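Report on the structure given below.
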Amino acid sequence: MQRETTRRHLDLLRGIQAYRAHPYTRALNDPPALWQEGTTRLLDYGQCPEATDPNGPPLLVVPSLINRAYILDLKPELSLLRHLAALGFRPMLVDWDRPGPQERGFSLTDYIAGRLERALDAACTAAGQAMPAVGYCMGGLLALALAERRRRDVSALALLATPWDFHADPEDHAGSAAGQATQARVAATGAQALEPAMQTLGYLPVDALQTLFQGLDPLTGVRKFLTFARLDPDSRRAETFVALEDWLNDGVPLPAAVARECLYGWYGRNDTARGRWRIAGRPVDPARVTQPTLCLLPAQDRIVPPASAAALGAALPNAEVQRPALGHIGMVVSSKAKTEAWRPLADWLGRMGA
């Protein structure tokens, strides 16, 4: 056992060293920005080189506030946004970037009823029409609230791996290391230990945020670097691993008010599913989102367990639910993403008239 433990430790170190020595650097250029306010930009992928129609059916794409938006534009061959642009759509991405001095005091109301609504205004002005909103992960919750508030301007809603019931029945997602409710409460409890830092800094630091979520499955990092140690460093698979790991390490801090709403409210109290999550004083109620909605629930998701996302699909009155056999990140950047997630999304958007 000692020899095996030593061998695995050495493999882990080799994997980490191989990652640090890998020459890959992301070199994609952002498309032009249609609008900017503070550190938030609206990037027009109808102007990227892959686009076939700069005035094609518009889409407002809303990513998470926690990680960088370029997970949706990671590499030329692994870019959901460029894929949609090549099909004739005009995706417009809300790039939150890092919170600056102005955003440091923001709450979710500031982001949704403020920044996101004004980004939608800019997109509608540029396109001259209403459009579907496409939200990924936490961005799906932001897009959901936007769709309820702006029904005339958000014509349809696509939600990719979007959580809702943070305390969903653990039996609905067998194989998880712990029940969803247990994991959620662990995250909320861990956040309380970071409260002094948030009070001092005004935000939740990146390292603290990553540590908090890493604690939900501590062996994830070990497993992935052991796997990477066995890869050919010149292979496409190794390059994609490095691209993803660079993205994961390129996180952004969360404004303290947002961190509290998410960690204490969503994870700790399950405000979303209990009807207690409010934006600008009004509860966010999926029952009032009557637009056609697509919910893509990755069946192998370990970040947003399918039971959590399925609860949102059940609460929406006009939702179509599909369950691609992919993971949370794999649904946007994997070898099967194009056929299992991107194509169904594009087909559905086409049926919606986008």
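For the structure tokens, the naming scheme is as follows: chains receive sequential letters (A, B, ...) according to their order of presentation, residues are indexed from 1 within each chain, and ligands are indexed from 1 in presentation order.
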Note to self: Could you list, as a list in words, every residue within 12 Å of Gln17 (chain A), counting only C-alpha atoms and ignoring same-chain residues fewer than 3 positions away?
What the structure shows: Leu10, Asp11, Leu12, Leu13, Arg14, Arg20, Ala21, His22, Phe225, Leu226, Phe228, Ala229, Pro233 and Val242 of chain A
Preceding selection exported with N, CA, C and O atoms as a PDB file, in the first residue's frame:
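Output contents, as saved in part13.pdb:
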ATOM      1  N   LEU A  10       3.468  10.499  -6.935  1.00  0.00           N
ATOM      2  CA  LEU A  10       4.392  10.890  -8.000  1.00  0.00           C
ATOM      3  C   LEU A  10       3.649  11.163  -9.302  1.00  0.00           C
ATOM      4  O   LEU A  10       3.980  12.108 -10.034  1.00  0.00           O
ATOM      5  N   ASP A  11       2.639  10.332  -9.603  1.00  0.00           N
ATOM      6  CA  ASP A  11       1.820  10.567 -10.806  1.00  0.00           C
ATOM      7  C   ASP A  11       1.091  11.907 -10.714  1.00  0.00           C
ATOM      8  O   ASP A  11       0.990  12.642 -11.706  1.00  0.00           O
ATOM      9  N   LEU A  12       0.583  12.207  -9.523  1.00  0.00           N
ATOM     10  CA  LEU A  12      -0.105  13.480  -9.333  1.00  0.00           C
ATOM     11  C   LEU A  12       0.851  14.646  -9.558  1.00  0.00           C
ATOM     12  O   LEU A  12       0.511  15.610 -10.270  1.00  0.00           O
ATOM     13  N   LEU A  13       2.044  14.562  -9.015  1.00  0.00           N
ATOM     14  CA  LEU A  13       3.029  15.631  -9.211  1.00  0.00           C
ATOM     15  C   LEU A  13       3.420  15.757 -10.675  1.00  0.00           C
ATOM     16  O   LEU A  13       3.589  16.868 -11.188  1.00  0.00           O
ATOM     17  N   ARG A  14       3.551  14.616 -11.359  1.00  0.00           N
ATOM     18  CA  ARG A  14       3.883  14.662 -12.790  1.00  0.00           C
ATOM     19  C   ARG A  14       2.768  15.341 -13.582  1.00  0.00           C
ATOM     20  O   ARG A  14       3.035  16.103 -14.520  1.00  0.00           O
ATOM     21  N   ARG A  20       1.708  22.670 -15.888  1.00  0.00           N
ATOM     22  CA  ARG A  20       2.414  23.949 -15.777  1.00  0.00           C
ATOM     23  C   ARG A  20       3.388  24.169 -16.930  1.00  0.00           C
ATOM     24  O   ARG A  20       3.654  25.308 -17.328  1.00  0.00           O
ATOM     25  N   ALA A  21       3.909  23.087 -17.495  1.00  0.00           N
ATOM     26  CA  ALA A  21       4.895  23.205 -18.570  1.00  0.00           C
ATOM     27  C   ALA A  21       4.261  23.237 -19.958  1.00  0.00           C
ATOM     28  O   ALA A  21       4.952  23.491 -20.946  1.00  0.00           O
ATOM     29  N   HIS A  22       2.955  22.983 -20.053  1.00  0.00           N
ATOM     30  CA  HIS A  22       2.314  22.882 -21.368  1.00  0.00           C
ATOM     31  C   HIS A  22       2.317  24.243 -22.065  1.00  0.00           C
ATOM     32  O   HIS A  22       2.046  25.279 -21.450  1.00  0.00           O
ATOM     33  N   PHE A 225      -5.757  15.391 -12.465  1.00  0.00           N
ATOM     34  CA  PHE A 225      -4.327  15.481 -12.758  1.00  0.00           C
ATOM     35  C   PHE A 225      -3.679  14.104 -12.878  1.00  0.00           C
ATOM     36  O   PHE A 225      -2.699  13.941 -13.611  1.00  0.00           O
ATOM     37  N   LEU A 226      -4.224  13.109 -12.200  1.00  0.00           N
ATOM     38  CA  LEU A 226      -3.757  11.738 -12.433  1.00  0.00           C
ATOM     39  C   LEU A 226      -4.058  11.308 -13.863  1.00  0.00           C
ATOM     40  O   LEU A 226      -3.235  10.659 -14.524  1.00  0.00           O
ATOM     41  N   PHE A 228      -4.461  13.408 -16.431  1.00  0.00           N
ATOM     42  CA  PHE A 228      -3.637  14.218 -17.326  1.00  0.00           C
ATOM     43  C   PHE A 228      -2.215  13.688 -17.411  1.00  0.00           C
ATOM     44  O   PHE A 228      -1.574  13.747 -18.481  1.00  0.00           O
ATOM     45  N   ALA A 229      -1.705  13.140 -16.326  1.00  0.00           N
ATOM     46  CA  ALA A 229      -0.343  12.604 -16.319  1.00  0.00           C
ATOM     47  C   ALA A 229      -0.165  11.483 -17.335  1.00  0.00           C
ATOM     48  O   ALA A 229       0.950  11.244 -17.806  1.00  0.00           O
ATOM     49  N   PRO A 233       1.178  14.748 -24.177  1.00  0.00           N
ATOM     50  CA  PRO A 233       1.092  16.206 -24.056  1.00  0.00           C
ATOM     51  C   PRO A 233       0.856  16.914 -25.386  1.00  0.00           C
ATOM     52  O   PRO A 233       0.410  18.067 -25.400  1.00  0.00           O
ATOM     53  N   VAL A 242      -5.756  21.556 -20.734  1.00  0.00           N
ATOM     54  CA  VAL A 242      -5.039  22.761 -20.306  1.00  0.00           C
ATOM     55  C   VAL A 242      -5.924  23.991 -20.504  1.00  0.00           C
ATOM     56  O   VAL A 242      -5.979  24.879 -19.641  1.00  0.00           O
TER      57      VAL A 242
END
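If you count only C-alpha atoms and ignore residues fewer than 3 places along the chain from Gly135 (chain A), what sits within 8 Å of it is Val61, Val62, Pro63, Met138, Gly139, Gly140, Leu141, Leu142, Ala143, Leu144, Leu157, Ala158, Leu159, Leu160 and Thr162 of chain A.
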Would you put the residues from that selection into a file with N, CA and C atoms, as a PDB file, in the first residue's frame?
ATOM      1  N   VAL A  61     -27.025  35.911 -24.773  1.00  0.00           N
ATOM      2  CA  VAL A  61     -26.409  34.784 -24.075  1.00  0.00           C
ATOM      3  C   VAL A  61     -25.893  35.274 -22.722  1.00  0.00           C
ATOM      4  N   VAL A  62     -26.343  34.603 -21.655  1.00  0.00           N
ATOM      5  CA  VAL A  62     -26.055  35.052 -20.291  1.00  0.00           C
ATOM      6  C   VAL A  62     -25.257  33.974 -19.561  1.00  0.00           C
ATOM      7  N   PRO A  63     -23.986  34.213 -19.282  1.00  0.00           N
ATOM      8  CA  PRO A  63     -23.174  33.250 -18.525  1.00  0.00           C
ATOM      9  C   PRO A  63     -23.249  33.517 -17.032  1.00  0.00           C
ATOM     10  N   MET A 138     -25.402  29.378 -13.513  1.00  0.00           N
ATOM     11  CA  MET A 138     -25.950  30.509 -12.771  1.00  0.00           C
ATOM     12  C   MET A 138     -26.556  31.544 -13.713  1.00  0.00           C
ATOM     13  N   GLY A 139     -25.980  31.669 -14.909  1.00  0.00           N
ATOM     14  CA  GLY A 139     -26.524  32.598 -15.894  1.00  0.00           C
ATOM     15  C   GLY A 139     -27.954  32.269 -16.275  1.00  0.00           C
ATOM     16  N   GLY A 140     -28.339  30.984 -16.160  1.00  0.00           N
ATOM     17  CA  GLY A 140     -29.714  30.618 -16.426  1.00  0.00           C
ATOM     18  C   GLY A 140     -30.673  31.227 -15.419  1.00  0.00           C
ATOM     19  N   LEU A 141     -30.257  31.314 -14.148  1.00  0.00           N
ATOM     20  CA  LEU A 141     -31.098  31.960 -13.143  1.00  0.00           C
ATOM     21  C   LEU A 141     -31.231  33.455 -13.426  1.00  0.00           C
ATOM     22  N   LEU A 142     -30.150  34.077 -13.863  1.00  0.00           N
ATOM     23  CA  LEU A 142     -30.217  35.493 -14.227  1.00  0.00           C
ATOM     24  C   LEU A 142     -31.142  35.688 -15.429  1.00  0.00           C
ATOM     25  N   ALA A 143     -31.025  34.798 -16.418  1.00  0.00           N
ATOM     26  CA  ALA A 143     -31.864  34.893 -17.610  1.00  0.00           C
ATOM     27  C   ALA A 143     -33.331  34.624 -17.279  1.00  0.00           C
ATOM     28  N   LEU A 144     -33.581  33.701 -16.349  1.00  0.00           N
ATOM     29  CA  LEU A 144     -34.950  33.409 -15.926  1.00  0.00           C
ATOM     30  C   LEU A 144     -35.598  34.658 -15.324  1.00  0.00           C
ATOM     31  N   LEU A 157     -36.743  31.209 -23.998  1.00  0.00           N
ATOM     32  CA  LEU A 157     -35.726  31.056 -22.970  1.00  0.00           C
ATOM     33  C   LEU A 157     -35.113  29.667 -23.067  1.00  0.00           C
ATOM     34  N   ALA A 158     -33.794  29.600 -23.154  1.00  0.00           N
ATOM     35  CA  ALA A 158     -33.077  28.322 -23.141  1.00  0.00           C
ATOM     36  C   ALA A 158     -32.187  28.296 -21.902  1.00  0.00           C
ATOM     37  N   LEU A 159     -32.359  27.262 -21.084  1.00  0.00           N
ATOM     38  CA  LEU A 159     -31.635  27.149 -19.820  1.00  0.00           C
ATOM     39  C   LEU A 159     -30.744  25.923 -19.872  1.00  0.00           C
ATOM     40  N   LEU A 160     -29.448  26.131 -19.763  1.00  0.00           N
ATOM     41  CA  LEU A 160     -28.460  25.059 -19.850  1.00  0.00           C
ATOM     42  C   LEU A 160     -27.895  24.786 -18.458  1.00  0.00           C
ATOM     43  N   THR A 162     -29.149  24.652 -15.449  1.00  0.00           N
ATOM     44  CA  THR A 162     -29.512  25.728 -14.536  1.00  0.00           C
ATOM     45  C   THR A 162     -30.132  25.172 -13.264  1.00  0.00           C
TER      46      THR A 162
END
Next item on the list: Rank nothing, just name the residue among A:Glu148, A:Asp207, A:Asp347, A:Asp271 nearest to Ala287 (chain A), using only C-alpha atoms.
Entry: A:Glu148
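In this model, the gap between CA of Ala122 (chain A) and CA of Leu28 (chain A) comes to 24.3 Å.
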Next item on the list: Within region 63-168 of chain A, find each residue whose DSSP state, derived from the backbone, is helix (DSSP H, G or I), and express the selection as a ChimeraX atom specification.
Entry: /A:69-73,80-86,103-105,108-127,138-149
Checklist line | Neighbour list for region 88-94 of chain A as a PyMOL selection string, cut-off 7 Å, only C-alpha atoms, skip fewer than 3 positions in-chain | finding: chain A and resi 41-46+51-63+81+84-85
Check: With distances taken over only C-alpha atoms, which of A:Asn318, A:Gln36, A:Ser155, A:Ser64 is nearest to Ile112 (chain A)?
Finding: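 Ranking A:Asn318, A:Gln36, A:Ser155, A:Ser64 by distance to Ile112 (chain A), first place goes to A:Ser64.
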Compile the contact shell of Asn270 (chain A) as a PDB file with all heavy atoms, in the first residue's frame: residues with an atom at most 9 Å away, counting only C-alpha atoms, same-chain residues fewer than 4 positions apart removed.
ATOM      1  N   TRP A 164     -32.157  25.028  -9.563  1.00  0.00           N
ATOM      2  CA  TRP A 164     -33.336  25.676  -8.986  1.00  0.00           C
ATOM      3  C   TRP A 164     -33.588  25.195  -7.558  1.00  0.00           C
ATOM      4  O   TRP A 164     -33.591  25.962  -6.624  1.00  0.00           O
ATOM      5  CB  TRP A 164     -34.566  25.439  -9.849  1.00  0.00           C
ATOM      6  CG  TRP A 164     -35.771  26.173  -9.342  1.00  0.00           C
ATOM      7  CD1 TRP A 164     -36.897  25.640  -8.783  1.00  0.00           C
ATOM      8  CD2 TRP A 164     -35.973  27.600  -9.347  1.00  0.00           C
ATOM      9  NE1 TRP A 164     -37.783  26.631  -8.423  1.00  0.00           N
ATOM     10  CE2 TRP A 164     -37.241  27.846  -8.761  1.00  0.00           C
ATOM     11  CE3 TRP A 164     -35.211  28.682  -9.772  1.00  0.00           C
ATOM     12  CZ2 TRP A 164     -37.754  29.136  -8.602  1.00  0.00           C
ATOM     13  CZ3 TRP A 164     -35.729  29.966  -9.619  1.00  0.00           C
ATOM     14  CH2 TRP A 164     -36.969  30.179  -9.038  1.00  0.00           C
ATOM     15  N   ASP A 165     -33.788  23.881  -7.412  1.00  0.00           N
ATOM     16  CA  ASP A 165     -34.015  23.330  -6.077  1.00  0.00           C
ATOM     17  C   ASP A 165     -32.681  22.850  -5.521  1.00  0.00           C
ATOM     18  O   ASP A 165     -32.204  21.771  -5.839  1.00  0.00           O
ATOM     19  CB  ASP A 165     -35.019  22.178  -6.146  1.00  0.00           C
ATOM     20  CG  ASP A 165     -35.417  21.672  -4.756  1.00  0.00           C
ATOM     21  OD1 ASP A 165     -34.765  22.072  -3.776  1.00  0.00           O
ATOM     22  OD2 ASP A 165     -36.364  20.875  -4.674  1.00  0.00           O
ATOM     23  N   PHE A 166     -32.079  23.664  -4.660  1.00  0.00           N
ATOM     24  CA  PHE A 166     -30.752  23.364  -4.139  1.00  0.00           C
ATOM     25  C   PHE A 166     -30.785  22.293  -3.051  1.00  0.00           C
ATOM     26  O   PHE A 166     -29.737  21.828  -2.622  1.00  0.00           O
ATOM     27  CB  PHE A 166     -30.097  24.645  -3.617  1.00  0.00           C
ATOM     28  CG  PHE A 166     -29.645  25.569  -4.712  1.00  0.00           C
ATOM     29  CD1 PHE A 166     -30.556  26.411  -5.352  1.00  0.00           C
ATOM     30  CD2 PHE A 166     -28.325  25.586  -5.134  1.00  0.00           C
ATOM     31  CE1 PHE A 166     -30.142  27.253  -6.374  1.00  0.00           C
ATOM     32  CE2 PHE A 166     -27.917  26.426  -6.149  1.00  0.00           C
ATOM     33  CZ  PHE A 166     -28.824  27.260  -6.776  1.00  0.00           C
ATOM     34  N   HIS A 167     -31.973  21.905  -2.627  1.00  0.00           N
ATOM     35  CA  HIS A 167     -32.126  20.844  -1.630  1.00  0.00           C
ATOM     36  C   HIS A 167     -32.923  19.678  -2.210  1.00  0.00           C
ATOM     37  O   HIS A 167     -33.662  19.010  -1.485  1.00  0.00           O
ATOM     38  CB  HIS A 167     -32.808  21.371  -0.374  1.00  0.00           C
ATOM     39  CG  HIS A 167     -32.033  22.419   0.347  1.00  0.00           C
ATOM     40  ND1 HIS A 167     -32.524  23.092   1.447  1.00  0.00           N
ATOM     41  CD2 HIS A 167     -30.787  22.913   0.146  1.00  0.00           C
ATOM     42  CE1 HIS A 167     -31.619  23.966   1.875  1.00  0.00           C
ATOM     43  NE2 HIS A 167     -30.550  23.877   1.097  1.00  0.00           N
ATOM     44  N   ALA A 181     -28.914  18.443  -0.734  1.00  0.00           N
ATOM     45  CA  ALA A 181     -29.149  19.310   0.414  1.00  0.00           C
ATOM     46  C   ALA A 181     -27.911  19.378   1.300  1.00  0.00           C
ATOM     47  O   ALA A 181     -27.548  20.451   1.806  1.00  0.00           O
ATOM     48  CB  ALA A 181     -30.346  18.802   1.212  1.00  0.00           C
ATOM     49  N   ALA A 184     -25.269  21.537  -0.393  1.00  0.00           N
ATOM     50  CA  ALA A 184     -25.660  22.942  -0.363  1.00  0.00           C
ATOM     51  C   ALA A 184     -25.392  23.543   1.012  1.00  0.00           C
ATOM     52  O   ALA A 184     -24.879  24.662   1.135  1.00  0.00           O
ATOM     53  CB  ALA A 184     -27.136  23.082  -0.719  1.00  0.00           C
ATOM     54  N   TYR A 264     -25.826  31.914   1.030  1.00  0.00           N
ATOM     55  CA  TYR A 264     -26.760  31.815   2.153  1.00  0.00           C
ATOM     56  C   TYR A 264     -28.191  31.595   1.649  1.00  0.00           C
ATOM     57  O   TYR A 264     -28.932  30.784   2.198  1.00  0.00           O
ATOM     58  CB  TYR A 264     -26.731  33.083   3.011  1.00  0.00           C
ATOM     59  CG  TYR A 264     -25.393  33.433   3.599  1.00  0.00           C
ATOM     60  CD1 TYR A 264     -25.102  34.733   3.987  1.00  0.00           C
ATOM     61  CD2 TYR A 264     -24.405  32.472   3.798  1.00  0.00           C
ATOM     62  CE1 TYR A 264     -23.884  35.080   4.548  1.00  0.00           C
ATOM     63  CE2 TYR A 264     -23.175  32.801   4.346  1.00  0.00           C
ATOM     64  CZ  TYR A 264     -22.919  34.110   4.718  1.00  0.00           C
ATOM     65  OH  TYR A 264     -21.704  34.449   5.263  1.00  0.00           O
ATOM     66  N   GLY A 265     -28.570  32.357   0.611  1.00  0.00           N
ATOM     67  CA  GLY A 265     -29.946  32.304   0.131  1.00  0.00           C
ATOM     68  C   GLY A 265     -30.252  31.079  -0.706  1.00  0.00           C
ATOM     69  O   GLY A 265     -31.178  30.326  -0.401  1.00  0.00           O
ATOM     70  N   TRP A 266     -29.474  30.861  -1.763  1.00  0.00           N
ATOM     71  CA  TRP A 266     -29.741  29.716  -2.641  1.00  0.00           C
ATOM     72  C   TRP A 266     -29.324  28.407  -1.979  1.00  0.00           C
ATOM     73  O   TRP A 266     -30.134  27.494  -1.831  1.00  0.00           O
ATOM     74  CB  TRP A 266     -29.002  29.883  -3.964  1.00  0.00           C
ATOM     75  CG  TRP A 266     -29.454  31.034  -4.803  1.00  0.00           C
ATOM     76  CD1 TRP A 266     -30.504  31.876  -4.557  1.00  0.00           C
ATOM     77  CD2 TRP A 266     -28.851  31.488  -6.017  1.00  0.00           C
ATOM     78  NE1 TRP A 266     -30.595  32.818  -5.544  1.00  0.00           N
ATOM     79  CE2 TRP A 266     -29.606  32.606  -6.458  1.00  0.00           C
ATOM     80  CE3 TRP A 266     -27.765  31.072  -6.773  1.00  0.00           C
ATOM     81  CZ2 TRP A 266     -29.290  33.291  -7.626  1.00  0.00           C
ATOM     82  CZ3 TRP A 266     -27.454  31.751  -7.942  1.00  0.00           C
ATOM     83  CH2 TRP A 266     -28.207  32.844  -8.365  1.00  0.00           C
ATOM     84  N   ARG A 274     -38.212  27.756  -2.794  1.00  0.00           N
ATOM     85  CA  ARG A 274     -39.219  28.111  -1.782  1.00  0.00           C
ATOM     86  C   ARG A 274     -39.943  29.420  -2.101  1.00  0.00           C
ATOM     87  O   ARG A 274     -40.759  29.882  -1.305  1.00  0.00           O
ATOM     88  CB  ARG A 274     -38.554  28.217  -0.410  1.00  0.00           C
ATOM     89  CG  ARG A 274     -38.049  26.865   0.108  1.00  0.00           C
ATOM     90  CD  ARG A 274     -37.462  26.974   1.492  1.00  0.00           C
ATOM     91  NE  ARG A 274     -37.062  25.656   1.993  1.00  0.00           N
ATOM     92  CZ  ARG A 274     -36.535  25.444   3.190  1.00  0.00           C
ATOM     93  NH1 ARG A 274     -36.339  26.458   4.010  1.00  0.00           N
ATOM     94  NH2 ARG A 274     -36.205  24.227   3.563  1.00  0.00           N
ATOM     95  N   GLY A 275     -39.641  30.016  -3.251  1.00  0.00           N
ATOM     96  CA  GLY A 275     -40.337  31.229  -3.651  1.00  0.00           C
ATOM     97  C   GLY A 275     -39.902  32.466  -2.908  1.00  0.00           C
ATOM     98  O   GLY A 275     -40.624  33.472  -2.872  1.00  0.00           O
ATOM     99  N   ARG A 276     -38.698  32.442  -2.330  1.00  0.00           N
ATOM    100  CA  ARG A 276     -38.231  33.565  -1.512  1.00  0.00           C
ATOM    101  C   ARG A 276     -37.137  34.386  -2.183  1.00  0.00           C
ATOM    102  O   ARG A 276     -36.652  35.365  -1.592  1.00  0.00           O
ATOM    103  CB  ARG A 276     -37.711  33.039  -0.169  1.00  0.00           C
ATOM    104  CG  ARG A 276     -38.772  32.322   0.654  1.00  0.00           C
ATOM    105  CD  ARG A 276     -38.158  31.694   1.891  1.00  0.00           C
ATOM    106  NE  ARG A 276     -39.139  30.958   2.677  1.00  0.00           N
ATOM    107  CZ  ARG A 276     -38.843  30.183   3.709  1.00  0.00           C
ATOM    108  NH1 ARG A 276     -37.574  30.048   4.096  1.00  0.00           N
ATOM    109  NH2 ARG A 276     -39.791  29.544   4.354  1.00  0.00           N
ATOM    110  N   TRP A 277     -36.702  33.967  -3.368  1.00  0.00           N
ATOM    111  CA  TRP A 277     -35.667  34.744  -4.062  1.00  0.00           C
ATOM    112  C   TRP A 277     -36.332  35.947  -4.716  1.00  0.00           C
ATOM    113  O   TRP A 277     -37.245  35.793  -5.531  1.00  0.00           O
ATOM    114  CB  TRP A 277     -34.946  33.882  -5.093  1.00  0.00           C
ATOM    115  CG  TRP A 277     -33.906  34.629  -5.864  1.00  0.00           C
ATOM    116  CD1 TRP A 277     -33.076  35.594  -5.384  1.00  0.00           C
ATOM    117  CD2 TRP A 277     -33.600  34.500  -7.250  1.00  0.00           C
ATOM    118  NE1 TRP A 277     -32.256  36.069  -6.388  1.00  0.00           N
ATOM    119  CE2 TRP A 277     -32.548  35.409  -7.546  1.00  0.00           C
ATOM    120  CE3 TRP A 277     -34.090  33.684  -8.271  1.00  0.00           C
ATOM    121  CZ2 TRP A 277     -32.007  35.530  -8.818  1.00  0.00           C
ATOM    122  CZ3 TRP A 277     -33.552  33.799  -9.543  1.00  0.00           C
ATOM    123  CH2 TRP A 277     -32.510  34.716  -9.816  1.00  0.00           C
TER     124      TRP A 277
END
Next item on the list: For Ala256 (chain A), work out the shell of residues within 6 Å, counting only C-alpha atoms and skipping chain neighbours fewer than 4 positions away, then give it as a ChimeraX atom specification.
Entry: /A:198,202-204
Can you write out the residues you just picked, keeping C-alpha atoms, as an mmCIF file, in the first residue's frame?
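Heads up, here's the output in out.cif:
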data_model
loop_
_atom_site.group_PDB
_atom_site.id
_atom_site.type_symbol
_atom_site.label_atom_id
_atom_site.label_comp_id
_atom_site.auth_asym_id
_atom_site.auth_seq_id
_atom_site.Cartn_x
_atom_site.Cartn_y
_atom_site.Cartn_z
ATOM 1 C CA MET A 198 -16.152 39.599 2.787
ATOM 2 C CA GLY A 202 -16.306 43.873 0.026
ATOM 3 C CA TYR A 203 -16.099 40.732 -2.092
ATOM 4 C CA LEU A 204 -15.502 36.984 -1.873
#
